[in-house]
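Structure data follow from protein09.pdb (PDB, C-alpha atoms and all ligand atoms):
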ATOM      1  CA  MET X 514     -75.594  29.307 -14.976  1.00  0.00           C
ATOM      2  CA  GLU X 515     -79.059  30.168 -13.746  1.00  0.00           C
ATOM      3  CA  GLU X 516     -80.496  31.015 -17.173  1.00  0.00           C
ATOM      4  CA  GLU X 517     -79.066  27.969 -18.913  1.00  0.00           C
ATOM      5  CA  ASN X 518     -81.697  26.504 -21.247  1.00  0.00           C
ATOM      6  CA  LYS X 519     -84.168  29.081 -20.044  1.00  0.00           C
ATOM      7  CA  THR X 520     -87.007  30.142 -22.314  1.00  0.00           C
ATOM      8  CA  THR X 521     -88.674  33.420 -21.481  1.00  0.00           C
ATOM      9  CA  ASP X 522     -91.620  35.368 -22.755  1.00  0.00           C
ATOM     10  CA  ALA X 523     -92.895  38.887 -22.141  1.00  0.00           C
ATOM     11  CA  ASP X 524     -95.441  37.658 -19.616  1.00  0.00           C
ATOM     12  CA  GLY X 525     -93.126  35.054 -18.123  1.00  0.00           C
ATOM     13  CA  SER X 526     -94.924  32.156 -19.804  1.00  0.00           C
ATOM     14  CA  SER X 527     -93.094  29.448 -21.689  1.00  0.00           C
ATOM     15  CA  THR X 528     -92.987  29.690 -25.495  1.00  0.00           C
ATOM     16  CA  PRO X 529     -90.602  28.160 -28.007  1.00  0.00           C
ATOM     17  CA  PRO X 530     -87.467  30.286 -28.195  1.00  0.00           C
ATOM     18  CA  LEU X 531     -86.950  32.501 -31.244  1.00  0.00           C
ATOM     19  CA  VAL X 532     -83.362  33.409 -30.383  1.00  0.00           C
ATOM     20  CA  ALA X 533     -80.575  31.293 -28.933  1.00  0.00           C
ATOM     21  CA  VAL X 534     -77.896  32.948 -26.822  1.00  0.00           C
ATOM     22  CA  ILE X 535     -75.053  30.476 -26.643  1.00  0.00           C
ATOM     23  CA  MET X 536     -71.559  30.780 -25.242  1.00  0.00           C
ATOM     24  CA  GLY X 537     -68.418  28.716 -25.072  1.00  0.00           C
ATOM     25  CA  SER X 538     -68.109  28.669 -21.295  1.00  0.00           C
ATOM     26  CA  LYS X 539     -69.966  29.632 -18.152  1.00  0.00           C
ATOM     27  CA  SER X 540     -67.230  32.228 -17.725  1.00  0.00           C
ATOM     28  CA  ASP X 541     -68.802  34.091 -20.684  1.00  0.00           C
ATOM     29  CA  TRP X 542     -72.154  34.508 -18.916  1.00  0.00           C
ATOM     30  CA  ASP X 543     -71.253  37.786 -17.233  1.00  0.00           C
ATOM     31  CA  THR X 544     -70.930  39.260 -20.736  1.00  0.00           C
ATOM     32  CA  MET X 545     -73.656  37.271 -22.515  1.00  0.00           C
ATOM     33  CA  SER X 546     -76.282  37.958 -19.860  1.00  0.00           C
ATOM     34  CA  ALA X 547     -76.488  41.460 -21.387  1.00  0.00           C
ATOM     35  CA  ALA X 548     -77.879  39.895 -24.578  1.00  0.00           C
ATOM     36  CA  SER X 549     -80.401  37.891 -22.578  1.00  0.00           C
ATOM     37  CA  GLU X 550     -81.502  40.934 -20.572  1.00  0.00           C
ATOM     38  CA  THR X 551     -81.949  42.964 -23.750  1.00  0.00           C
ATOM     39  CA  LEU X 552     -84.037  40.250 -25.399  1.00  0.00           C
ATOM     40  CA  THR X 553     -86.177  40.034 -22.276  1.00  0.00           C
ATOM     41  CA  GLN X 554     -86.645  43.791 -22.407  1.00  0.00           C
ATOM     42  CA  PHE X 555     -88.133  43.352 -25.902  1.00  0.00           C
ATOM     43  CA  GLY X 556     -90.233  40.360 -24.865  1.00  0.00           C
ATOM     44  CA  ILE X 557     -88.356  37.950 -27.116  1.00  0.00           C
ATOM     45  CA  ALA X 558     -88.578  34.290 -26.107  1.00  0.00           C
ATOM     46  CA  HIS X 559     -85.022  32.983 -26.010  1.00  0.00           C
ATOM     47  CA  GLU X 560     -82.838  30.239 -24.624  1.00  0.00           C
ATOM     48  CA  CYS X 561     -79.403  30.607 -23.077  1.00  0.00           C
ATOM     49  CA  ARG X 562     -76.907  27.777 -22.909  1.00  0.00           C
ATOM     50  CA  VAL X 563     -73.262  26.769 -22.914  1.00  0.00           C
ATOM     51  CA  LEU X 564     -72.009  24.923 -26.005  1.00  0.00           C
ATOM     52  CA  SER X 565     -68.350  24.672 -26.834  1.00  0.00           C
ATOM     53  CA  ALA X 566     -66.980  24.321 -30.354  1.00  0.00           C
ATOM     54  CA  HIS X 567     -63.901  22.494 -29.028  1.00  0.00           C
ATOM     55  CA  ARG X 568     -65.044  20.920 -25.742  1.00  0.00           C
ATOM     56  CA  SER X 569     -68.431  19.671 -26.990  1.00  0.00           C
ATOM     57  CA  PRO X 570     -68.121  19.821 -30.806  1.00  0.00           C
ATOM     58  CA  THR X 571     -70.810  17.205 -31.515  1.00  0.00           C
ATOM     59  CA  LEU X 572     -73.333  18.926 -29.256  1.00  0.00           C
ATOM     60  CA  ALA X 573     -72.552  22.302 -30.826  1.00  0.00           C
ATOM     61  CA  ALA X 574     -73.003  20.950 -34.358  1.00  0.00           C
ATOM     62  CA  GLU X 575     -76.238  19.163 -33.454  1.00  0.00           C
ATOM     63  CA  PHE X 576     -77.602  22.303 -31.838  1.00  0.00           C
ATOM     64  CA  ALA X 577     -76.936  24.434 -34.916  1.00  0.00           C
ATOM     65  CA  ALA X 578     -78.179  21.797 -37.361  1.00  0.00           C
ATOM     66  CA  SER X 579     -81.531  21.478 -35.555  1.00  0.00           C
ATOM     67  CA  ALA X 580     -81.969  25.189 -34.765  1.00  0.00           C
ATOM     68  CA  GLU X 581     -84.085  26.067 -37.805  1.00  0.00           C
ATOM     69  CA  SER X 582     -86.487  23.140 -37.403  1.00  0.00           C
ATOM     70  CA  ARG X 583     -86.929  24.030 -33.715  1.00  0.00           C
ATOM     71  CA  GLY X 584     -88.198  27.473 -34.720  1.00  0.00           C
ATOM     72  CA  LEU X 585     -85.177  29.560 -33.860  1.00  0.00           C
ATOM     73  CA  GLN X 586     -84.720  32.639 -36.050  1.00  0.00           C
ATOM     74  CA  VAL X 587     -81.368  34.020 -34.895  1.00  0.00           C
ATOM     75  CA  ILE X 588     -78.366  32.553 -33.073  1.00  0.00           C
ATOM     76  CA  ILE X 589     -76.141  34.765 -30.932  1.00  0.00           C
ATOM     77  CA  ALA X 590     -72.823  33.097 -30.126  1.00  0.00           C
ATOM     78  CA  GLY X 591     -70.274  34.485 -27.681  1.00  0.00           C
ATOM     79  CA  ALA X 592     -66.813  33.010 -27.282  1.00  0.00           C
ATOM     80  CA  GLY X 593     -63.299  33.970 -26.291  1.00  0.00           C
ATOM     81  CA  GLY X 594     -59.764  33.161 -27.381  1.00  0.00           C
ATOM     82  CA  ALA X 595     -59.706  31.097 -30.573  1.00  0.00           C
ATOM     83  CA  ALA X 596     -63.385  31.976 -30.788  1.00  0.00           C
ATOM     84  CA  HIS X 597     -64.697  29.640 -33.439  1.00  0.00           C
ATOM     85  CA  LEU X 598     -68.102  28.961 -31.860  1.00  0.00           C
ATOM     86  CA  ALA X 599     -70.015  31.436 -34.043  1.00  0.00           C
ATOM     87  CA  GLY X 600     -68.309  30.105 -37.169  1.00  0.00           C
ATOM     88  CA  VAL X 601     -69.149  26.515 -36.260  1.00  0.00           C
ATOM     89  CA  MET X 602     -72.776  27.529 -35.678  1.00  0.00           C
ATOM     90  CA  ALA X 603     -72.880  29.263 -39.060  1.00  0.00           C
ATOM     91  CA  ALA X 604     -71.380  26.215 -40.748  1.00  0.00           C
ATOM     92  CA  HIS X 605     -74.354  24.110 -39.686  1.00  0.00           C
ATOM     93  CA  THR X 606     -77.289  26.480 -40.281  1.00  0.00           C
ATOM     94  CA  ILE X 607     -78.537  29.116 -42.688  1.00  0.00           C
ATOM     95  CA  LEU X 608     -80.044  31.129 -39.821  1.00  0.00           C
ATOM     96  CA  PRO X 609     -78.349  34.477 -39.167  1.00  0.00           C
ATOM     97  CA  VAL X 610     -75.494  34.007 -36.682  1.00  0.00           C
ATOM     98  CA  LEU X 611     -74.260  36.978 -34.647  1.00  0.00           C
ATOM     99  CA  GLY X 612     -70.859  36.628 -33.004  1.00  0.00           C
ATOM    100  CA  VAL X 613     -69.799  38.325 -29.778  1.00  0.00           C
ATOM    101  CA  PRO X 614     -66.051  38.299 -29.053  1.00  0.00           C
ATOM    102  CA  MET X 615     -65.223  37.935 -25.336  1.00  0.00           C
ATOM    103  CA  LYS X 616     -62.743  40.288 -23.723  1.00  0.00           C
ATOM    104  CA  SER X 617     -60.025  37.705 -23.070  1.00  0.00           C
ATOM    105  CA  ASP X 618     -57.282  38.045 -20.441  1.00  0.00           C
ATOM    106  CA  ALA X 619     -54.404  37.365 -22.762  1.00  0.00           C
ATOM    107  CA  LEU X 620     -55.085  39.766 -25.620  1.00  0.00           C
ATOM    108  CA  LYS X 621     -57.969  41.912 -24.314  1.00  0.00           C
ATOM    109  CA  GLY X 622     -60.345  40.315 -26.805  1.00  0.00           C
ATOM    110  CA  MET X 623     -58.380  41.006 -29.973  1.00  0.00           C
ATOM    111  CA  ASP X 624     -57.914  37.247 -30.398  1.00  0.00           C
ATOM    112  CA  SER X 625     -61.653  36.683 -29.980  1.00  0.00           C
ATOM    113  CA  LEU X 626     -62.504  39.552 -32.316  1.00  0.00           C
ATOM    114  CA  LEU X 627     -60.261  38.454 -35.151  1.00  0.00           C
ATOM    115  CA  SER X 628     -61.214  34.792 -34.956  1.00  0.00           C
ATOM    116  CA  THR X 629     -64.918  35.695 -35.000  1.00  0.00           C
ATOM    117  CA  VAL X 630     -64.870  38.422 -37.621  1.00  0.00           C
ATOM    118  CA  GLN X 631     -62.511  36.888 -40.177  1.00  0.00           C
ATOM    119  CA  MET X 632     -64.822  34.299 -41.696  1.00  0.00           C
ATOM    120  CA  PRO X 633     -63.793  33.257 -45.191  1.00  0.00           C
ATOM    121  CA  ALA X 634     -66.305  34.131 -47.921  1.00  0.00           C
ATOM    122  CA  GLY X 635     -69.390  31.922 -48.077  1.00  0.00           C
ATOM    123  CA  ILE X 636     -70.310  31.385 -44.432  1.00  0.00           C
ATOM    124  CA  PRO X 637     -71.063  34.733 -42.765  1.00  0.00           C
ATOM    125  CA  VAL X 638     -70.948  35.640 -39.079  1.00  0.00           C
ATOM    126  CA  GLY X 639     -72.216  39.109 -38.196  1.00  0.00           C
ATOM    127  CA  THR X 640     -69.607  40.186 -35.670  1.00  0.00           C
ATOM    128  CA  LEU X 641     -70.328  42.732 -32.952  1.00  0.00           C
ATOM    129  CA  ALA X 642     -68.043  44.696 -30.623  1.00  0.00           C
ATOM    130  CA  ILE X 643     -65.860  43.026 -27.989  1.00  0.00           C
ATOM    131  CA  GLY X 644     -67.569  42.449 -24.624  1.00  0.00           C
ATOM    132  CA  LYS X 645     -70.835  43.712 -23.144  1.00  0.00           C
ATOM    133  CA  ALA X 646     -71.478  46.378 -25.784  1.00  0.00           C
ATOM    134  CA  GLY X 647     -71.299  43.648 -28.417  1.00  0.00           C
ATOM    135  CA  SER X 648     -73.537  41.388 -26.364  1.00  0.00           C
ATOM    136  CA  THR X 649     -76.214  44.081 -25.991  1.00  0.00           C
ATOM    137  CA  ASN X 650     -75.936  45.058 -29.651  1.00  0.00           C
ATOM    138  CA  ALA X 651     -76.182  41.454 -30.810  1.00  0.00           C
ATOM    139  CA  ALA X 652     -79.573  41.265 -29.105  1.00  0.00           C
ATOM    140  CA  LEU X 653     -80.642  44.587 -30.612  1.00  0.00           C
ATOM    141  CA  LEU X 654     -79.558  43.418 -34.053  1.00  0.00           C
ATOM    142  CA  ALA X 655     -81.506  40.197 -33.575  1.00  0.00           C
ATOM    143  CA  VAL X 656     -84.531  42.311 -32.690  1.00  0.00           C
ATOM    144  CA  ALA X 657     -83.996  44.448 -35.810  1.00  0.00           C
ATOM    145  CA  ILE X 658     -83.772  41.335 -37.997  1.00  0.00           C
ATOM    146  CA  MET X 659     -86.992  39.947 -36.570  1.00  0.00           C
ATOM    147  CA  ALA X 660     -88.679  43.368 -36.706  1.00  0.00           C
ATOM    148  CA  ASN X 661     -88.636  43.175 -40.524  1.00  0.00           C
ATOM    149  CA  GLY X 662     -91.615  40.868 -40.308  1.00  0.00           C
ATOM    150  CA  ASN X 663     -93.149  42.199 -37.109  1.00  0.00           C
ATOM    151  CA  SER X 664     -94.541  45.735 -36.907  1.00  0.00           C
ATOM    152  CA  ASN X 665     -95.061  45.483 -33.142  1.00  0.00           C
ATOM    153  CA  LEU X 666     -91.393  44.729 -32.621  1.00  0.00           C
ATOM    154  CA  ARG X 667     -90.426  47.492 -35.037  1.00  0.00           C
ATOM    155  CA  GLU X 668     -92.389  49.971 -32.934  1.00  0.00           C
ATOM    156  CA  LYS X 669     -90.671  48.756 -29.754  1.00  0.00           C
ATOM    157  CA  LEU X 670     -87.321  49.305 -31.412  1.00  0.00           C
ATOM    158  CA  ARG X 671     -88.340  52.811 -32.440  1.00  0.00           C
ATOM    159  CA  GLN X 672     -89.346  53.541 -28.849  1.00  0.00           C
ATOM    160  CA  TYR X 673     -86.030  52.207 -27.573  1.00  0.00           C
ATOM    161  CA  ARG X 674     -84.117  54.526 -29.909  1.00  0.00           C
ATOM    162  CA  HIS X 675     -86.359  57.405 -28.862  1.00  0.00           C
ATOM    163  CA  GLN X 676     -85.499  56.778 -25.208  1.00  0.00           C
ATOM    164  CA  LEU X 677     -81.784  56.795 -26.006  1.00  0.00           C
ATOM    165  CA  GLU X 678     -82.191  60.109 -27.780  1.00  0.00           C
ATOM    166  CA  GLN X 679     -84.195  61.585 -24.909  1.00  0.00           C
ATOM    167  CA  LYS X 680     -81.426  60.703 -22.467  1.00  0.00           C
ATOM    168  CA  ILE X 681     -78.917  62.577 -24.591  1.00  0.00           C
ATOM    169  CA  ARG X 682     -81.215  65.571 -24.993  1.00  0.00           C
ATOM    170  CA  GLU X 683     -81.814  65.689 -21.240  1.00  0.00           C
ATOM    171  CA  THR X 684     -78.148  65.388 -20.268  1.00  0.00           C
ATOM    172  CA  ASP X 685     -77.135  68.302 -18.094  1.00  0.00           C
ATOM    173  CA  LEU X 686     -73.449  68.681 -17.261  1.00  0.00           C
ATOM    174  CA  SER X 687     -73.931  71.588 -14.872  1.00  0.00           C
TER     175      SER X 687
HETATM  176  C1  LIG X 701     -63.852  29.742 -24.842  1.00  0.00           C
HETATM  177  O1  LIG X 701     -62.756  29.736 -24.021  1.00  0.00           O
HETATM  178  C2  LIG X 701     -64.958  30.343 -24.059  1.00  0.00           C
HETATM  179  O2  LIG X 701     -65.827  31.021 -24.906  1.00  0.00           O
HETATM  180  C3  LIG X 701     -64.288  31.258 -23.074  1.00  0.00           C
HETATM  181  O3  LIG X 701     -64.380  32.622 -23.442  1.00  0.00           O
HETATM  182  C4  LIG X 701     -62.828  30.834 -23.119  1.00  0.00           C
HETATM  183  C5  LIG X 701     -62.285  30.431 -21.771  1.00  0.00           C
HETATM  184  O4  LIG X 701     -63.129  29.423 -21.240  1.00  0.00           O
HETATM  185  P1  LIG X 701     -62.925  28.937 -19.733  1.00  0.00           P
HETATM  186  O5  LIG X 701     -61.536  28.381 -19.653  1.00  0.00           O
HETATM  187  O6  LIG X 701     -63.133  30.137 -18.857  1.00  0.00           O
HETATM  188  O7  LIG X 701     -63.983  27.885 -19.520  1.00  0.00           O
HETATM  189  O8  LIG X 701     -64.208  28.443 -25.224  1.00  0.00           O
END
Can you present the structure in this file as structure tokens?
Amino acid sequence: MEEENKTTDADGSSTPPLVAVIMGSKSDWDTMSAASETLTQFGIAHECRVLSAHRSPTLAAEFAASAESRGLQVIIAGAGGAAHLAGVMAAHTILPVLGVPMKSDALKGMDSLLSTVQMPAGIPVGTLAIGKAGSTNAALLAVAIMANGNSNLREKLRQYRHQLEQKIRETDLS
């Protein structure tokens, strides 16, 4: 994956990542790249990497446990099948964790959705829609979370919504 471990900034310079976009497999990148692209659009420094809850459990736990001290503010975790990556992340950090269920072959993502969304009380995972819409929205939700303490980011988000509205207003079906 080209963007693995990549840290980006609005001007292309290197700054410590504020958001982590992680995924269980390289096969998830086609979906999770939407989150990365959206964060880039908002100028949010972020890192993208593969961490598996079942294939590299120690690495995944270490990553989540050290996330807060490394300056991360939000973790976005995409996984498919028995998608426990977001839950494992949440178990090891108090940072907000946003889960993106992959559209799996076997059950069209219903397996991923249910295993991400059904966290028992106490350890929350904010679960988004299955697939690319969820990936994009996870990034937008991360932006909204961070915008609470950042008026510049809040204004960017307002502009983004304004653009969406303009597109609808300008839609001509003739
Ligand atoms: C999960 O298993 C990954 O998140 C991925 O969605 C799914 C299949 O992984 P691969 O077999 O394609 O590597 O861990």
Problem set entry | Given the PyMOL selection byres (((chain X and resi 600) around 10) and not hetatm), the residues it picks as a ChimeraX atom specification | /X:566,590,596-599,601-605,610-612,628-633,636-639
Problem set entry | Residue among X:Ala573, X:Ala634, X:Val613, X:Val563 lying closest to X:Ala652, counting all atoms listed in the file | X:Val613
Exercise. Expanded to explicit residues, what is the PyMOL selection byres (((chain X and resi 533) around 12) and not hetatm) for this file, as an NGL selection string?
Worked result: :X and (516-521 or 529-532 or 534-536 or 545 or 548-549 or 552 or 557-564 or 576-577 or 579-581 or 583-591 or 599 or 602 or 608-612 or 651-652 or 655)
I'd like the box whose edges run along x, y and z of the file and which contains every listed atom of ligand LIG 701 (chain X), padded by 4 Å per side; could you state its centre and edge lengths in Å, one decimal, as lines of an AutoDock Vina configuration file?
center_x = -63.7
center_y = 30.3
center_z = -22.0
size_x = 12.3
size_y = 12.7
size_z = 14.4
Exercise. Can you tell me how far atom CA of X:Ser527 sits from atom CA of X:Lys669, in Å to one decimal?
Worked result: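 These two atoms are separated by 21.1 Å.
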Taking all atoms listed in the file into account, produce a table as JSON lines in which each residue of chain X with an atom at most 8 Å from an atom of ligand LIG 701 (chain X) appears once, together with its shortest atom pair and the distance in Å to one decimal, ordered by chain and rising number.
{"residue": "X:Met536", "atom": "CA", "partner": "X:LIG701", "partner_atom": "O2", "distance": 5.7}
{"residue": "X:Gly537", "atom": "CA", "partner": "X:LIG701", "partner_atom": "O2", "distance": 3.5}
{"residue": "X:Ser538", "atom": "CA", "partner": "X:LIG701", "partner_atom": "C2", "distance": 4.5}
{"residue": "X:Lys539", "atom": "CA", "partner": "X:LIG701", "partner_atom": "O7", "distance": 6.4}
{"residue": "X:Ser540", "atom": "CA", "partner": "X:LIG701", "partner_atom": "O6", "distance": 4.7}
{"residue": "X:Asp541", "atom": "CA", "partner": "X:LIG701", "partner_atom": "O3", "distance": 5.4}
{"residue": "X:Ser565", "atom": "CA", "partner": "X:LIG701", "partner_atom": "O8", "distance": 5.8}
{"residue": "X:Ala566", "atom": "CA", "partner": "X:LIG701", "partner_atom": "O8", "distance": 7.1}
{"residue": "X:His567", "atom": "CA", "partner": "X:LIG701", "partner_atom": "O8", "distance": 7.1}
{"residue": "X:Arg568", "atom": "CA", "partner": "X:LIG701", "partner_atom": "O8", "distance": 7.6}
{"residue": "X:Gly591", "atom": "CA", "partner": "X:LIG701", "partner_atom": "O2", "distance": 6.3}
{"residue": "X:Ala592", "atom": "CA", "partner": "X:LIG701", "partner_atom": "O2", "distance": 3.3}
{"residue": "X:Gly593", "atom": "CA", "partner": "X:LIG701", "partner_atom": "O3", "distance": 3.3}
{"residue": "X:Gly594", "atom": "CA", "partner": "X:LIG701", "partner_atom": "O1", "distance": 5.7}
{"residue": "X:Ala595", "atom": "CA", "partner": "X:LIG701", "partner_atom": "C1", "distance": 7.2}
{"residue": "X:Ala596", "atom": "CA", "partner": "X:LIG701", "partner_atom": "C1", "distance": 6.4}
{"residue": "X:Leu598", "atom": "CA", "partner": "X:LIG701", "partner_atom": "O2", "distance": 7.6}
{"residue": "X:Met615", "atom": "CA", "partner": "X:LIG701", "partner_atom": "O3", "distance": 5.7}
{"residue": "X:Lys616", "atom": "CA", "partner": "X:LIG701", "partner_atom": "O3", "distance": 7.8}
{"residue": "X:Ser617", "atom": "CA", "partner": "X:LIG701", "partner_atom": "O3", "distance": 6.7}
Problem set entry | Pick from X:Ser582, X:Ala574, X:His675, X:Gly647 nearest to X:Thr544, counting all atoms listed in the file |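 Residue with the minimum atom-to-atom distance to X:Thr544: X:Gly647.
Picture a line from atom CA of X:Gly556 to atom CA of X:Ala646; it runs 19.7 Å.
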Problem set entry | Two-atom distance - atom CA of X:Ser687, atom CA of X:Lys645 (Å) |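 Atom-to-atom, atom CA of X:Ser687 to atom CA of X:Lys645, that is 29.2 Å.
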